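Just below is one structure, and these are the notes that go with it.
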Amino acid sequence: MIEKLTIRAAELRDSQAIGDLCGQLGYEVDRDRMQRRFMQIMQDPAQILRVASDNCNGLAGWAHALPVCYLEAEAFIEIGGLVVNKSCRRMGIGQALMTSVEDWAREIGITTIRLRSNINRQGAHQFYRNIGYEIVKQQYTFVKKL
Ligand SMILES: CC(C)(COP(=O)(O)OP(=O)(O)OC[C@H]1O[C@@H](n2cnc3c(N)ncnc32)[C@H](O)[C@@H]1OP(=O)(O)O)[C@@H](O)C(=O)NCCC(=O)NCCS
């Protein structure tokens with residue numbers, strides 16, 4: 001049972017727990033790599049990394065978001081990642097994290113949030129629909145390793 005949930009900006013002391021939750025998102029990452037990525041994000045004032053913390057069990061989840069600017073669209077906020085600890089799902093934490101991102105987007109004058117979600121994440125799709133997001137297209141992801 002979560003006693004008191006706070007949504008706040010991530011801090012250095014959160015990096016290990018954020019890395020652990022990255023594993024729950026399906027992206028296992030070792031401590032050094034996580035630390036490097038974490039620092040890159042923390043040092044970029046354009047991006048936000050918000051965490052949900054409670055007063056007993058540590059981190060309950062995180063959300064990463066960043067502005068994206070393309071020629072073919074008005075600037076929007078992209079969700080870089082969102083995960084809630086398995087032990088705390090269906091308690092409103094994912095929604096609270098997304099609300100925090102949306103509030104920030106409004107503050108900086110951006111009115112669209114976009115995210116990509118693997119076709120297999122059906123629970124997450126239901127979550128996004130239930131908090132007001134709609135699927136606007138389906139696409140492939142192309143990658144070239146250099
Ligand atoms: C998707 C995720 C972030 C949702 O977080 P959460 O804290 O459990 O979600 P909330 O409790 O805020 O859910 C709000 C509403 O969304 C809906 N919802 C959430 N998860 C759902 C699921 N698995 N199936 C169906 N509906 C769901 C429900 O309507 C829920 O309200 P209710 O519990 O009162 O019915 C979480 O399940 C998660 O971390 N999943 C694994 C990682 C992931 O897939 N991330 C998204 C990558 S794109």
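Letters A, B, ... mark the chains of the structure tokens in the order given; residue numbers begin at 1 per chain; ligand numbers begin at 1, in order shown.
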
Which residues sit within 10 Å of ligand 1, counting only C-alpha atoms and all ligand atoms, listed as a ChimeraX atom specification? /A:21-26,52,60-63,79-99,115-132

Preceding selection exported with C-alpha atoms as a JSON list (two decimals), in the first residue's frame:
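Listing of again29.json after writing:
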[["chain", "number", "residue", "atom", "x", "y", "z"],
["A", 21, "LEU", "CA", 12.53, -0.05, -13.63],
["A", 22, "CYS", "CA", 14.02, 0.17, -17.12],
["A", 23, "GLY", "CA", 14.34, -3.61, -16.86],
["A", 24, "GLN", "CA", 10.61, -3.84, -16.13],
["A", 25, "LEU", "CA", 10.00, -1.79, -19.25],
["A", 26, "GLY", "CA", 11.85, -4.51, -21.17],
["A", 52, "ALA", "CA", 6.84, 8.84, -8.58],
["A", 60, "ALA", "CA", 7.10, 3.60, -7.92],
["A", 61, "GLY", "CA", 7.70, 4.74, -11.50],
["A", 62, "TRP", "CA", 9.16, 7.26, -13.89],
["A", 63, "ALA", "CA", 8.29, 9.23, -17.02],
["A", 79, "ILE", "CA", 7.18, 10.44, -24.18],
["A", 80, "GLY", "CA", 10.63, 8.84, -24.14],
["A", 81, "GLY", "CA", 9.55, 6.21, -21.64],
["A", 82, "LEU", "CA", 7.00, 5.48, -18.95],
["A", 83, "VAL", "CA", 6.99, 2.66, -16.43],
["A", 84, "VAL", "CA", 5.33, 1.92, -13.13],
["A", 85, "ASN", "CA", 6.74, -0.68, -10.76],
["A", 86, "LYS", "CA", 4.90, -4.00, -11.12],
["A", 87, "SER", "CA", 4.01, -3.94, -7.43],
["A", 88, "CYS", "CA", 2.22, -0.58, -7.72],
["A", 89, "ARG", "CA", 0.23, -0.78, -10.94],
["A", 90, "ARG", "CA", -3.45, 0.11, -11.20],
["A", 91, "MET", "CA", -3.15, 2.64, -8.38],
["A", 92, "GLY", "CA", -3.25, 5.76, -10.56],
["A", 93, "ILE", "CA", 0.53, 6.28, -10.62],
["A", 94, "GLY", "CA", 0.92, 6.06, -14.41],
["A", 95, "GLN", "CA", -1.85, 8.59, -14.80],
["A", 96, "ALA", "CA", -0.26, 10.89, -12.21],
["A", 97, "LEU", "CA", 3.07, 10.75, -14.08],
["A", 98, "MET", "CA", 1.39, 11.52, -17.40],
["A", 99, "THR", "CA", -0.56, 14.39, -15.84],
["A", 115, "LEU", "CA", 4.21, 8.52, -27.87],
["A", 116, "ARG", "CA", 5.08, 5.28, -29.59],
["A", 117, "SER", "CA", 4.12, 2.00, -28.01],
["A", 118, "ASN", "CA", 5.02, -1.53, -29.11],
["A", 119, "ILE", "CA", 2.06, -3.31, -30.64],
["A", 120, "ASN", "CA", 2.39, -6.04, -27.98],
["A", 121, "ARG", "CA", 1.80, -3.69, -25.04],
["A", 122, "GLN", "CA", -1.92, -4.09, -24.97],
["A", 123, "GLY", "CA", -2.35, -3.15, -21.31],
["A", 124, "ALA", "CA", -0.46, 0.07, -21.93],
["A", 125, "HIS", "CA", -2.64, 0.83, -24.97],
["A", 126, "GLN", "CA", -5.73, 0.50, -22.82],
["A", 127, "PHE", "CA", -4.10, 2.76, -20.25],
["A", 128, "TYR", "CA", -3.34, 5.47, -22.83],
["A", 129, "ARG", "CA", -6.83, 5.28, -24.28],
["A", 130, "ASN", "CA", -8.34, 5.58, -20.83],
["A", 131, "ILE", "CA", -6.40, 8.76, -20.11],
["A", 132, "GLY", "CA", -7.40, 10.41, -23.38]]

Would you list, as an NGL selection string, the residues of chain A that end up in strand (DSSP E or B) under DSSP run on this structure's backbone? :A and (5-9 or 48-54 or 58-70 or 73-84 or 113-114)

Mind checking which residues fall within 10 Å of A:Arg31, counting only C-alpha atoms, ignoring those fewer than 5 positions away in the same chain, and posting them as a PyMOL selection string? chain A and resi 15-16+19-20+36

Could you give me the residues within stretch 27-121 of chain A that DSSP places in alpha helix (DSSP H), as a VMD selection string? chain A and resid 31 to 42 93 to 107

Can I get the selected residues back with N, CA and C atoms, as a PDB file, in the first residue's frame?
ATOM      1  N   ARG A  31      24.629  -0.838 -14.892  1.00  0.00           N
ATOM      2  CA  ARG A  31      24.677   0.365 -14.066  1.00  0.00           C
ATOM      3  C   ARG A  31      25.426   1.526 -14.756  1.00  0.00           C
ATOM      4  N   ASP A  32      26.576   1.212 -15.412  1.00  0.00           N
ATOM      5  CA  ASP A  32      27.377   2.276 -16.022  1.00  0.00           C
ATOM      6  C   ASP A  32      26.648   2.950 -17.177  1.00  0.00           C
ATOM      7  N   ARG A  33      26.059   2.125 -18.018  1.00  0.00           N
ATOM      8  CA  ARG A  33      25.316   2.697 -19.150  1.00  0.00           C
ATOM      9  C   ARG A  33      24.155   3.543 -18.663  1.00  0.00           C
ATOM     10  N   MET A  34      23.463   3.022 -17.664  1.00  0.00           N
ATOM     11  CA  MET A  34      22.321   3.770 -17.135  1.00  0.00           C
ATOM     12  C   MET A  34      22.776   5.107 -16.572  1.00  0.00           C
ATOM     13  N   GLN A  35      23.879   5.065 -15.843  1.00  0.00           N
ATOM     14  CA  GLN A  35      24.400   6.296 -15.245  1.00  0.00           C
ATOM     15  C   GLN A  35      24.727   7.327 -16.333  1.00  0.00           C
ATOM     16  N   ARG A  36      25.328   6.846 -17.427  1.00  0.00           N
ATOM     17  CA  ARG A  36      25.711   7.756 -18.520  1.00  0.00           C
ATOM     18  C   ARG A  36      24.471   8.364 -19.176  1.00  0.00           C
ATOM     19  N   ARG A  37      23.505   7.508 -19.482  1.00  0.00           N
ATOM     20  CA  ARG A  37      22.275   8.023 -20.118  1.00  0.00           C
ATOM     21  C   ARG A  37      21.544   8.977 -19.186  1.00  0.00           C
ATOM     22  N   PHE A  38      21.482   8.575 -17.931  1.00  0.00           N
ATOM     23  CA  PHE A  38      20.792   9.379 -16.923  1.00  0.00           C
ATOM     24  C   PHE A  38      21.403  10.786 -16.860  1.00  0.00           C
ATOM     25  N   MET A  39      22.754  10.852 -16.828  1.00  0.00           N
ATOM     26  CA  MET A  39      23.426  12.148 -16.736  1.00  0.00           C
ATOM     27  C   MET A  39      23.166  12.989 -17.984  1.00  0.00           C
ATOM     28  N   GLN A  40      23.149  12.335 -19.153  1.00  0.00           N
ATOM     29  CA  GLN A  40      22.876  13.081 -20.398  1.00  0.00           C
ATOM     30  C   GLN A  40      21.508  13.749 -20.326  1.00  0.00           C
ATOM     31  N   ILE A  41      20.546  13.005 -19.843  1.00  0.00           N
ATOM     32  CA  ILE A  41      19.185  13.552 -19.766  1.00  0.00           C
ATOM     33  C   ILE A  41      19.108  14.652 -18.713  1.00  0.00           C
ATOM     34  N   MET A  42      19.723  14.401 -17.577  1.00  0.00           N
ATOM     35  CA  MET A  42      19.676  15.387 -16.490  1.00  0.00           C
ATOM     36  C   MET A  42      20.345  16.703 -16.884  1.00  0.00           C
ATOM     37  N   ILE A  93      -0.799   5.652 -10.565  1.00  0.00           N
ATOM     38  CA  ILE A  93       0.535   6.279 -10.622  1.00  0.00           C
ATOM     39  C   ILE A  93       0.917   6.641 -12.066  1.00  0.00           C
ATOM     40  N   GLY A  94       0.630   5.755 -13.005  1.00  0.00           N
ATOM     41  CA  GLY A  94       0.922   6.055 -14.406  1.00  0.00           C
ATOM     42  C   GLY A  94       0.189   7.315 -14.834  1.00  0.00           C
ATOM     43  N   GLN A  95      -1.051   7.408 -14.453  1.00  0.00           N
ATOM     44  CA  GLN A  95      -1.850   8.588 -14.801  1.00  0.00           C
ATOM     45  C   GLN A  95      -1.261   9.846 -14.160  1.00  0.00           C
ATOM     46  N   ALA A  96      -0.838   9.729 -12.904  1.00  0.00           N
ATOM     47  CA  ALA A  96      -0.261  10.893 -12.214  1.00  0.00           C
ATOM     48  C   ALA A  96       1.028  11.341 -12.913  1.00  0.00           C
ATOM     49  N   LEU A  97       1.842  10.392 -13.368  1.00  0.00           N
ATOM     50  CA  LEU A  97       3.070  10.748 -14.083  1.00  0.00           C
ATOM     51  C   LEU A  97       2.741  11.440 -15.406  1.00  0.00           C
ATOM     52  N   MET A  98       1.764  10.912 -16.124  1.00  0.00           N
ATOM     53  CA  MET A  98       1.393  11.523 -17.404  1.00  0.00           C
ATOM     54  C   MET A  98       0.779  12.908 -17.194  1.00  0.00           C
ATOM     55  N   THR A  99       0.014  13.073 -16.139  1.00  0.00           N
ATOM     56  CA  THR A  99      -0.564  14.394 -15.842  1.00  0.00           C
ATOM     57  C   THR A  99       0.555  15.397 -15.571  1.00  0.00           C
ATOM     58  N   SER A 100       1.578  14.941 -14.874  1.00  0.00           N
ATOM     59  CA  SER A 100       2.710  15.813 -14.576  1.00  0.00           C
ATOM     60  C   SER A 100       3.406  16.251 -15.876  1.00  0.00           C
ATOM     61  N   VAL A 101       3.579  15.318 -16.807  1.00  0.00           N
ATOM     62  CA  VAL A 101       4.180  15.658 -18.105  1.00  0.00           C
ATOM     63  C   VAL A 101       3.271  16.637 -18.866  1.00  0.00           C
ATOM     64  N   GLU A 102       1.979  16.378 -18.846  1.00  0.00           N
ATOM     65  CA  GLU A 102       1.045  17.252 -19.574  1.00  0.00           C
ATOM     66  C   GLU A 102       1.048  18.666 -18.987  1.00  0.00           C
ATOM     67  N   ASP A 103       1.108  18.763 -17.669  1.00  0.00           N
ATOM     68  CA  ASP A 103       1.145  20.090 -17.021  1.00  0.00           C
ATOM     69  C   ASP A 103       2.393  20.857 -17.468  1.00  0.00           C
ATOM     70  N   TRP A 104       3.519  20.134 -17.501  1.00  0.00           N
ATOM     71  CA  TRP A 104       4.785  20.759 -17.931  1.00  0.00           C
ATOM     72  C   TRP A 104       4.678  21.220 -19.392  1.00  0.00           C
ATOM     73  N   ALA A 105       4.100  20.369 -20.243  1.00  0.00           N
ATOM     74  CA  ALA A 105       3.962  20.728 -21.656  1.00  0.00           C
ATOM     75  C   ALA A 105       3.160  22.028 -21.795  1.00  0.00           C
ATOM     76  N   ARG A 106       2.069  22.120 -21.065  1.00  0.00           N
ATOM     77  CA  ARG A 106       1.258  23.351 -21.113  1.00  0.00           C
ATOM     78  C   ARG A 106       2.082  24.550 -20.657  1.00  0.00           C
ATOM     79  N   GLU A 107       2.843  24.342 -19.587  1.00  0.00           N
ATOM     80  CA  GLU A 107       3.668  25.451 -19.049  1.00  0.00           C
ATOM     81  C   GLU A 107       4.634  25.977 -20.097  1.00  0.00           C
TER      82      GLU A 107
END

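Atom CA of A:Asp30 lies 20.1 Å from atom CA of A:Gln43.
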
Give me the residues near stretch 71-74 of chain A as a ChimeraX atom specification, where near means some atom within 9 Å (using only C-alpha atoms) and where sequence neighbours in that chain fewer than 3 positions away do not count. /A:68,110,112

Could you write out the selected residues, including C-alpha atoms, as a short mmCIF file (atom, residue, chain, number, x, y, z; two decimals), in the first residue's frame?
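Written output follows (result-v6.cif):
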data_model
loop_
_atom_site.label_atom_id
_atom_site.label_comp_id
_atom_site.auth_asym_id
_atom_site.auth_seq_id
_atom_site.Cartn_x
_atom_site.Cartn_y
_atom_site.Cartn_z
CA VAL A 68 10.53 17.35 -30.64
CA ILE A 110 3.22 22.88 -26.20
CA THR A 112 0.43 17.99 -28.20
#

When you draw a straight line from atom CA of A:Lys4 to atom CA of A:Ser53, how long is it in Å? 8.2 Å

Write out as number ranges by chain which residues come within 8 Å of A:Ile48 when counting only C-alpha atoms, dropping same-chain ones fewer than 2 positions away. A: 9, 41-42, 45-46, 50, 64-66

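Restricting the calculation to only C-alpha atoms, the smallest distance between A:Glu78 and any of A:Ile108, A:Ile113, A:Glu28, A:Ile7 is found for A:Ile113.
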